[in-house]
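Have a look at model08.cif; it's mmCIF, C-alpha atoms:
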data_work
#
loop_
_atom_site.group_PDB
_atom_site.id
_atom_site.type_symbol
_atom_site.label_atom_id
_atom_site.label_comp_id
_atom_site.auth_asym_id
_atom_site.auth_seq_id
_atom_site.Cartn_x
_atom_site.Cartn_y
_atom_site.Cartn_z
ATOM 1 C CA MET A 22 -11.757 -4.989 -38.114
ATOM 2 C CA ARG A 23 -10.874 -7.042 -35.036
ATOM 3 C CA ASP A 24 -7.772 -4.892 -34.596
ATOM 4 C CA VAL A 25 -9.737 -1.617 -34.647
ATOM 5 C CA VAL A 26 -12.642 -2.833 -32.513
ATOM 6 C CA GLY A 27 -10.160 -4.286 -30.029
ATOM 7 C CA LEU A 28 -8.609 -0.837 -29.595
ATOM 8 C CA TYR A 29 -12.049 0.638 -28.860
ATOM 9 C CA LEU A 30 -13.180 -2.005 -26.381
ATOM 10 C CA ASN A 31 -9.858 -2.712 -24.687
ATOM 11 C CA PRO A 32 -7.356 0.103 -25.296
ATOM 12 C CA PRO A 33 -3.781 -0.687 -24.237
ATOM 13 C CA ASP A 34 -2.315 0.784 -21.062
ATOM 14 C CA ARG A 35 -0.137 3.895 -21.315
ATOM 15 C CA ALA A 36 -1.468 4.499 -24.821
ATOM 16 C CA LEU A 37 -3.573 7.035 -26.663
ATOM 17 C CA VAL A 38 -6.081 5.855 -29.294
ATOM 18 C CA LEU A 39 -6.915 8.501 -31.882
ATOM 19 C CA CYS A 40 -9.385 8.158 -34.763
ATOM 20 C CA VAL A 41 -8.025 10.211 -37.664
ATOM 21 C CA ASP A 42 -9.621 11.226 -40.954
ATOM 22 C CA GLU A 43 -10.166 14.091 -43.378
ATOM 23 C CA LYS A 44 -13.437 15.781 -44.231
ATOM 24 C CA PRO A 45 -12.609 17.148 -47.706
ATOM 25 C CA GLN A 46 -14.146 19.907 -49.794
ATOM 26 C CA ILE A 47 -16.306 21.560 -47.110
ATOM 27 C CA GLN A 48 -18.023 24.357 -48.977
ATOM 28 C CA ALA A 49 -18.346 27.907 -47.709
ATOM 29 C CA VAL A 50 -21.828 28.646 -49.044
ATOM 30 C CA GLN A 51 -24.227 31.517 -48.517
ATOM 31 C CA GLY A 52 -27.875 31.622 -49.562
ATOM 32 C CA THR A 53 -28.891 34.347 -52.004
ATOM 33 C CA ALA A 54 -31.613 35.389 -49.528
ATOM 34 C CA PRO A 55 -31.770 35.262 -45.722
ATOM 35 C CA THR A 56 -33.234 32.157 -44.080
ATOM 36 C CA LEU A 57 -36.764 32.733 -42.812
ATOM 37 C CA PRO A 58 -36.926 31.505 -39.210
ATOM 38 C CA LEU A 59 -39.342 29.144 -37.524
ATOM 39 C CA ARG A 60 -42.650 30.454 -36.237
ATOM 40 C CA PRO A 61 -45.866 28.789 -34.996
ATOM 41 C CA GLY A 62 -47.270 26.656 -37.793
ATOM 42 C CA GLN A 63 -44.450 27.559 -40.184
ATOM 43 C CA ALA A 64 -41.305 25.545 -40.860
ATOM 44 C CA GLU A 65 -37.965 27.224 -41.424
ATOM 45 C CA ARG A 66 -37.622 28.308 -45.066
ATOM 46 C CA ARG A 67 -34.583 28.990 -47.172
ATOM 47 C CA THR A 68 -33.844 29.710 -50.800
ATOM 48 C CA HIS A 69 -32.607 26.893 -53.041
ATOM 49 C CA ALA A 70 -30.024 29.204 -54.634
ATOM 50 C CA TYR A 71 -26.661 29.912 -53.018
ATOM 51 C CA ARG A 72 -23.252 31.421 -53.662
ATOM 52 C CA ARG A 73 -20.023 29.483 -53.212
ATOM 53 C CA HIS A 74 -17.049 31.140 -51.554
ATOM 54 C CA GLY A 75 -14.453 28.352 -51.744
ATOM 55 C CA THR A 76 -13.747 25.104 -49.936
ATOM 56 C CA LEU A 77 -11.685 23.817 -47.015
ATOM 57 C CA ASP A 78 -10.418 20.402 -45.974
ATOM 58 C CA LEU A 79 -10.595 19.463 -42.313
ATOM 59 C CA PHE A 80 -8.154 17.074 -40.629
ATOM 60 C CA ALA A 81 -9.371 15.739 -37.289
ATOM 61 C CA ALA A 82 -8.194 13.301 -34.612
ATOM 62 C CA LEU A 83 -10.744 12.123 -32.046
ATOM 63 C CA ASP A 84 -9.432 10.897 -28.690
ATOM 64 C CA VAL A 85 -11.546 7.783 -28.149
ATOM 65 C CA ARG A 86 -11.275 7.772 -24.362
ATOM 66 C CA ALA A 87 -11.529 11.512 -23.651
ATOM 67 C CA GLY A 88 -13.849 12.598 -26.478
ATOM 68 C CA THR A 89 -11.678 15.601 -27.350
ATOM 69 C CA VAL A 90 -10.681 16.563 -30.882
ATOM 70 C CA ILE A 91 -7.512 17.873 -32.498
ATOM 71 C CA GLY A 92 -8.417 19.651 -35.726
ATOM 72 C CA ALA A 93 -6.795 21.676 -38.475
ATOM 73 C CA CYS A 94 -8.104 23.168 -41.724
ATOM 74 C CA ALA A 95 -6.131 23.224 -44.970
ATOM 75 C CA ARG A 96 -6.648 24.115 -48.621
ATOM 76 C CA HIS A 97 -5.738 20.598 -49.773
ATOM 77 C CA HIS A 98 -5.480 17.100 -48.316
ATOM 78 C CA ARG A 99 -2.200 15.922 -49.776
ATOM 79 C CA SER A 100 0.445 14.007 -47.867
ATOM 80 C CA ILE A 101 2.299 17.223 -47.035
ATOM 81 C CA GLU A 102 -0.782 18.597 -45.263
ATOM 82 C CA PHE A 103 -1.328 15.256 -43.545
ATOM 83 C CA ARG A 104 2.255 15.260 -42.251
ATOM 84 C CA ALA A 105 1.772 18.788 -40.921
ATOM 85 C CA PHE A 106 -1.333 17.537 -39.117
ATOM 86 C CA LEU A 107 0.628 14.618 -37.636
ATOM 87 C CA ASP A 108 3.142 17.165 -36.336
ATOM 88 C CA ARG A 109 0.256 18.982 -34.646
ATOM 89 C CA VAL A 110 -0.985 15.728 -33.124
ATOM 90 C CA GLU A 111 2.496 14.887 -31.854
ATOM 91 C CA ARG A 112 2.757 18.258 -30.106
ATOM 92 C CA ARG A 113 -0.518 17.561 -28.275
ATOM 93 C CA VAL A 114 0.380 14.041 -27.102
ATOM 94 C CA PRO A 115 1.741 13.768 -23.539
ATOM 95 C CA PRO A 116 5.286 12.326 -23.427
ATOM 96 C CA GLY A 117 5.771 8.653 -22.728
ATOM 97 C CA LEU A 118 2.602 7.407 -24.417
ATOM 98 C CA GLU A 119 2.232 4.985 -27.295
ATOM 99 C CA VAL A 120 -0.050 6.464 -29.970
ATOM 100 C CA HIS A 121 -2.447 4.290 -31.974
ATOM 101 C CA LEU A 122 -4.016 5.969 -35.011
ATOM 102 C CA VAL A 123 -7.150 4.489 -36.579
ATOM 103 C CA LEU A 124 -7.448 5.675 -40.185
ATOM 104 C CA ASP A 125 -8.511 4.559 -43.647
ATOM 105 C CA ASN A 126 -6.502 3.276 -46.607
ATOM 106 C CA LEU A 127 -6.270 6.609 -48.420
ATOM 107 C CA LYS A 128 -3.034 6.697 -50.411
ATOM 108 C CA THR A 129 -2.196 10.035 -48.756
ATOM 109 C CA HIS A 130 -1.601 8.046 -45.550
ATOM 110 C CA LYS A 131 0.919 5.699 -47.188
ATOM 111 C CA THR A 132 3.327 7.913 -49.108
ATOM 112 C CA LYS A 133 7.091 7.885 -48.572
ATOM 113 C CA LEU A 134 6.788 11.248 -46.813
ATOM 114 C CA ILE A 135 4.509 9.722 -44.161
ATOM 115 C CA HIS A 136 6.550 6.512 -43.994
ATOM 116 C CA ASP A 137 9.722 8.471 -43.286
ATOM 117 C CA TRP A 138 7.902 10.466 -40.577
ATOM 118 C CA LEU A 139 6.710 7.272 -38.892
ATOM 119 C CA VAL A 140 10.113 5.563 -39.033
ATOM 120 C CA LYS A 141 11.481 8.328 -36.801
ATOM 121 C CA ARG A 142 8.579 7.895 -34.345
ATOM 122 C CA PRO A 143 8.266 4.192 -33.451
ATOM 123 C CA HIS A 144 5.732 5.015 -30.714
ATOM 124 C CA PHE A 145 3.181 5.868 -33.439
ATOM 125 C CA HIS A 146 1.221 2.838 -34.689
ATOM 126 C CA LEU A 147 -1.221 2.881 -37.624
ATOM 127 C CA HIS A 148 -4.353 0.721 -37.782
ATOM 128 C CA PHE A 149 -6.166 0.829 -41.122
ATOM 129 C CA THR A 150 -9.893 0.223 -41.420
ATOM 130 C CA PRO A 151 -10.959 -2.266 -44.120
ATOM 131 C CA THR A 152 -11.750 -0.876 -47.562
ATOM 132 C CA SER A 153 -15.270 0.646 -47.699
ATOM 133 C CA ALA A 154 -15.592 0.421 -43.918
ATOM 134 C CA SER A 155 -15.161 4.043 -42.866
ATOM 135 C CA TRP A 156 -18.082 3.471 -40.443
ATOM 136 C CA LEU A 157 -15.524 1.739 -38.203
ATOM 137 C CA ASN A 158 -13.782 5.061 -37.641
ATOM 138 C CA LEU A 159 -15.403 6.888 -34.722
ATOM 139 C CA VAL A 160 -14.285 10.294 -35.976
ATOM 140 C CA GLU A 161 -16.908 9.890 -38.734
ATOM 141 C CA CYS A 162 -19.566 10.166 -36.000
ATOM 142 C CA TRP A 163 -18.032 13.450 -34.893
ATOM 143 C CA PHE A 164 -17.971 14.695 -38.503
ATOM 144 C CA ALA A 165 -21.709 13.939 -38.676
ATOM 145 C CA LEU A 166 -22.322 16.007 -35.525
ATOM 146 C CA LEU A 167 -20.249 18.872 -36.930
ATOM 147 C CA SER A 168 -22.249 18.857 -40.168
ATOM 148 C CA ARG A 169 -25.645 18.655 -38.474
ATOM 149 C CA ARG A 170 -25.023 21.154 -35.680
ATOM 150 C CA ARG A 171 -22.782 23.737 -37.317
ATOM 151 C CA LEU A 172 -22.417 23.425 -41.104
ATOM 152 C CA GLU A 173 -25.747 22.426 -42.647
ATOM 153 C CA ARG A 174 -27.663 25.520 -41.564
ATOM 154 C CA GLY A 175 -24.749 27.938 -41.616
ATOM 155 C CA ALA A 176 -24.149 30.839 -43.995
ATOM 156 C CA PHE A 177 -20.461 31.424 -44.691
ATOM 157 C CA THR A 178 -19.258 34.412 -46.700
ATOM 158 C CA SER A 179 -15.646 33.188 -46.962
ATOM 159 C CA THR A 180 -13.404 30.245 -46.146
ATOM 160 C CA GLY A 181 -12.121 32.266 -43.191
ATOM 161 C CA ASP A 182 -15.684 32.496 -41.860
ATOM 162 C CA LEU A 183 -16.116 28.737 -42.392
ATOM 163 C CA GLU A 184 -12.854 27.912 -40.620
ATOM 164 C CA ALA A 185 -13.800 30.108 -37.655
ATOM 165 C CA ALA A 186 -17.094 28.187 -37.322
ATOM 166 C CA ILE A 187 -15.302 24.829 -37.458
ATOM 167 C CA GLN A 188 -12.710 25.875 -34.887
ATOM 168 C CA ALA A 189 -15.461 27.209 -32.626
ATOM 169 C CA TYR A 190 -17.224 23.843 -32.749
ATOM 170 C CA ILE A 191 -13.951 22.036 -31.955
ATOM 171 C CA ALA A 192 -13.509 24.356 -28.962
ATOM 172 C CA GLU A 193 -17.069 23.594 -27.801
ATOM 173 C CA THR A 194 -16.417 19.857 -28.140
ATOM 174 C CA ASN A 195 -13.227 20.083 -26.088
ATOM 175 C CA ALA A 196 -14.804 22.311 -23.428
ATOM 176 C CA ASP A 197 -17.490 19.677 -22.729
ATOM 177 C CA PRO A 198 -16.274 16.409 -24.284
ATOM 178 C CA LYS A 199 -18.645 13.469 -24.551
ATOM 179 C CA PRO A 200 -16.788 10.269 -25.519
ATOM 180 C CA LEU A 201 -18.448 8.091 -28.147
ATOM 181 C CA ALA A 202 -18.811 4.597 -26.689
ATOM 182 C CA TRP A 203 -18.307 1.606 -28.984
ATOM 183 C CA THR A 204 -20.451 -1.322 -27.798
ATOM 184 C CA LYS A 205 -20.372 -4.060 -30.480
ATOM 185 C CA SER A 206 -17.687 -6.727 -30.412
ATOM 186 C CA ALA A 207 -16.054 -7.929 -33.614
ATOM 187 C CA ASP A 208 -17.930 -11.231 -33.290
ATOM 188 C CA ASP A 209 -21.270 -9.386 -33.008
ATOM 189 C CA ILE A 210 -20.496 -7.349 -36.124
ATOM 190 C CA LEU A 211 -19.423 -10.371 -38.163
ATOM 191 C CA ALA A 212 -22.529 -12.280 -37.054
ATOM 192 C CA SER A 213 -24.707 -9.361 -38.186
ATOM 193 C CA VAL A 214 -22.954 -9.286 -41.565
ATOM 194 C CA ALA A 215 -23.442 -13.046 -41.907
ATOM 195 C CA ARG A 216 -27.181 -12.727 -41.213
ATOM 196 C CA PHE A 217 -27.466 -9.966 -43.819
ATOM 197 C CA CYS A 218 -25.601 -12.048 -46.399
ATOM 198 C CA GLN A 219 -27.841 -15.037 -45.648
ATOM 199 C CA ARG A 220 -31.006 -12.975 -46.131
ATOM 200 C CA THR A 221 -29.615 -11.571 -49.374
ATOM 201 C CA SER A 222 -28.717 -15.037 -50.660
ATOM 202 C CA ASN A 223 -32.225 -16.328 -49.839
ATOM 203 C CA SER A 224 -34.102 -13.325 -51.226
ATOM 204 C CA GLY A 225 -35.017 -15.060 -54.498
ATOM 205 C CA HIS A 226 -33.565 -12.312 -56.714
#

Have the structure of the file written as structure tokens, please.
Amino acid sequence: MRDVVGLYLNPPDRALVLCVDEKPQIQAVQGTAPTLPLRPGQAERRTHAYRRHGTLDLFAALDVRAGTVIGACARHHRSIEFRAFLDRVERRVPPGLEVHLVLDNLKTHKTKLIHDWLVKRPHFHLHFTPTSASWLNLVECWFALLSRRRLERGAFTSTGDLEAAIQAYIAETNADPKPLAWTKSADDILASVARFCQRTSNSGH
């Protein structure tokens, strides 16, 4: 945790810090009836029934300092798709920079295929978040914005339609990027966890 938070609060010089993760199994769904829009005194209404038109997995890398996103959709999130995404990231990185990737402990990130890719690129450095601590990865905040602003109220008749909506939101993000600022130090976070544990221990249960 100190490693990851340190990258957010004090990124190294001549380096790019990217938060990387997958958003798996995004469903292309369409309601069986049109959504009834808002009007005075009436909330938006939609049917509870829907049709499924397949799923997509989204790979994304959030530039912590700039607020821009590199994204790619795939049918699966195996190591072969992850390596292809790393190739895409590498093509977007300016030459001469060290690259620090913040990501979780998913086994897809640790296969021999990925290891061999990294061995050939010593300027790429991986920083894994602790188990069950995906909240440390800032790209999760961007995934939440994507879901709330583009996916939750959308109607998608195919995976192609869904992918077009995702790519459009990535383009909007990059056209007007707003970096997500991390403010808590590692000591502040650990102190908060300690207070929670103390309250739990003294709860009488």

Would you mind telling me which residue in A:Phe80, A:Ala64, A:Pro151, A:Lys141 lies nearest to Ile191 (chain A) when using only C-alpha atoms?
->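 Comparing A:Phe80, A:Ala64, A:Pro151, A:Lys141 against Ile191 (chain A), the winner is A:Phe80.
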
Counting only C-alpha atoms, what is within 8 Å of region 100-107 of chain A, bar same-chain residues fewer than 5 positions away, as an MDAnalysis selection string?
-> chainID A and resid 80 93 95 129:130 132 134:135 138

Could you tell me how far CA of Tyr190 (chain A) lies from CA of Asp108 (chain A), in Å and to one decimal?
-> 21.7 Å

Enumerate, as a PyMOL selection string, the residues matched when the PyMOL selection byres ((chain A and resi 157) around 10) is run on the file above.
-> chain A and resi 22+25-26+40+123-125+149-151+153-156+158-162+203

Surrounding residues of region 170-187 of chain A excluding itself and chain neighbours under 4 positions, 9 Å, only C-alpha atoms, as a list in words =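 Once the nearby chain positions are removed, what remains is Ile47, Gln48, Ala49, Val50, Gln51, Gly52, Pro55, Arg72, Arg73, His74, Gly75, Thr76, Leu77, Leu79, Gly92, Ala93, Cys94, Ala165, Leu166, Ile191 and Ala192 of chain A.
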
What gap, in Å, lies between CA of His146 (chain A) and CA of Asp209 (chain A)?
->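 According to the coordinates, CA of His146 (chain A) and CA of Asp209 (chain A) are separated by 25.7 Å.
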
Write out as a ChimeraX atom specification the residues lying within 8 Å of region 193-195 of chain A, counting all atoms listed in the file and excluding same-chain residues fewer than 5 positions away.
-> /A:88-90

Using all atoms listed in the file, which residues sit within 9 Å of Ala202 (chain A) once same-chain residues fewer than 4 positions away are excluded, as a PDB file with C-alpha atoms, in the coordinates of the input?
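out.pdb written:
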ATOM      1  CA  TYR A  29     -12.049   0.638 -28.860  1.00  0.00           C
ATOM      2  CA  LEU A  30     -13.180  -2.005 -26.381  1.00  0.00           C
ATOM      3  CA  VAL A  85     -11.546   7.783 -28.149  1.00  0.00           C
ATOM      4  CA  ARG A  86     -11.275   7.772 -24.362  1.00  0.00           C
TER       5      ARG A  86
END

Pick the closest to Asp78 (chain A) from A:Arg109, A:Lys44, A:Arg60, A:Lys128: which is it, counting all atoms listed in the file?
->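 Of A:Arg109, A:Lys44, A:Arg60, A:Lys128, the one nearest Asp78 (chain A), counting all atoms listed in the file, is A:Lys44.
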
Can you tell me, as JSON, the centre and edge lengths (Å, one decimal) of the axis-aligned box enclosing all of region 135-151 of chain A's listed atoms after padding each side by 3 Å?
{"center_x": 0.3, "center_y": 4.1, "center_z": -37.4, "size_x": 28.4, "size_y": 18.7, "size_z": 19.4}

Run through the PyMOL selection byres ((chain A and resi 120) around 7) on the given coordinates and return the selected residues as an mmCIF file with C-alpha atoms, in the frame of the given file.
data_model
loop_
_atom_site.group_PDB
_atom_site.id
_atom_site.type_symbol
_atom_site.label_atom_id
_atom_site.label_comp_id
_atom_site.auth_asym_id
_atom_site.auth_seq_id
_atom_site.Cartn_x
_atom_site.Cartn_y
_atom_site.Cartn_z
ATOM 1 C CA ALA A 36 -1.468 4.499 -24.821
ATOM 2 C CA LEU A 37 -3.573 7.035 -26.663
ATOM 3 C CA VAL A 38 -6.081 5.855 -29.294
ATOM 4 C CA LEU A 118 2.602 7.407 -24.417
ATOM 5 C CA GLU A 119 2.232 4.985 -27.295
ATOM 6 C CA HIS A 121 -2.447 4.290 -31.974
ATOM 7 C CA LEU A 122 -4.016 5.969 -35.011
ATOM 8 C CA HIS A 144 5.732 5.015 -30.714
ATOM 9 C CA PHE A 145 3.181 5.868 -33.439
ATOM 10 C CA HIS A 146 1.221 2.838 -34.689
#

Point-to-point distance from CA of Pro198 (chain A) to CA of Arg35 (chain A), Å rounded to tenths =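 Those two atoms sit 20.6 Å apart.
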
For each of A:Glu111, A:Ala212, A:Arg99, A:Gly117, take the minimum atom-to-atom distance to Lys131 (chain A), counting all atoms listed in the file, then give the residue where this is smallest.
-> A:Arg99

Smallest atom-to-atom distance to Asp84 (chain A): which of A:Leu167, A:Leu139, A:Leu59, A:Val110, using all atoms listed in the file?
-> A:Val110
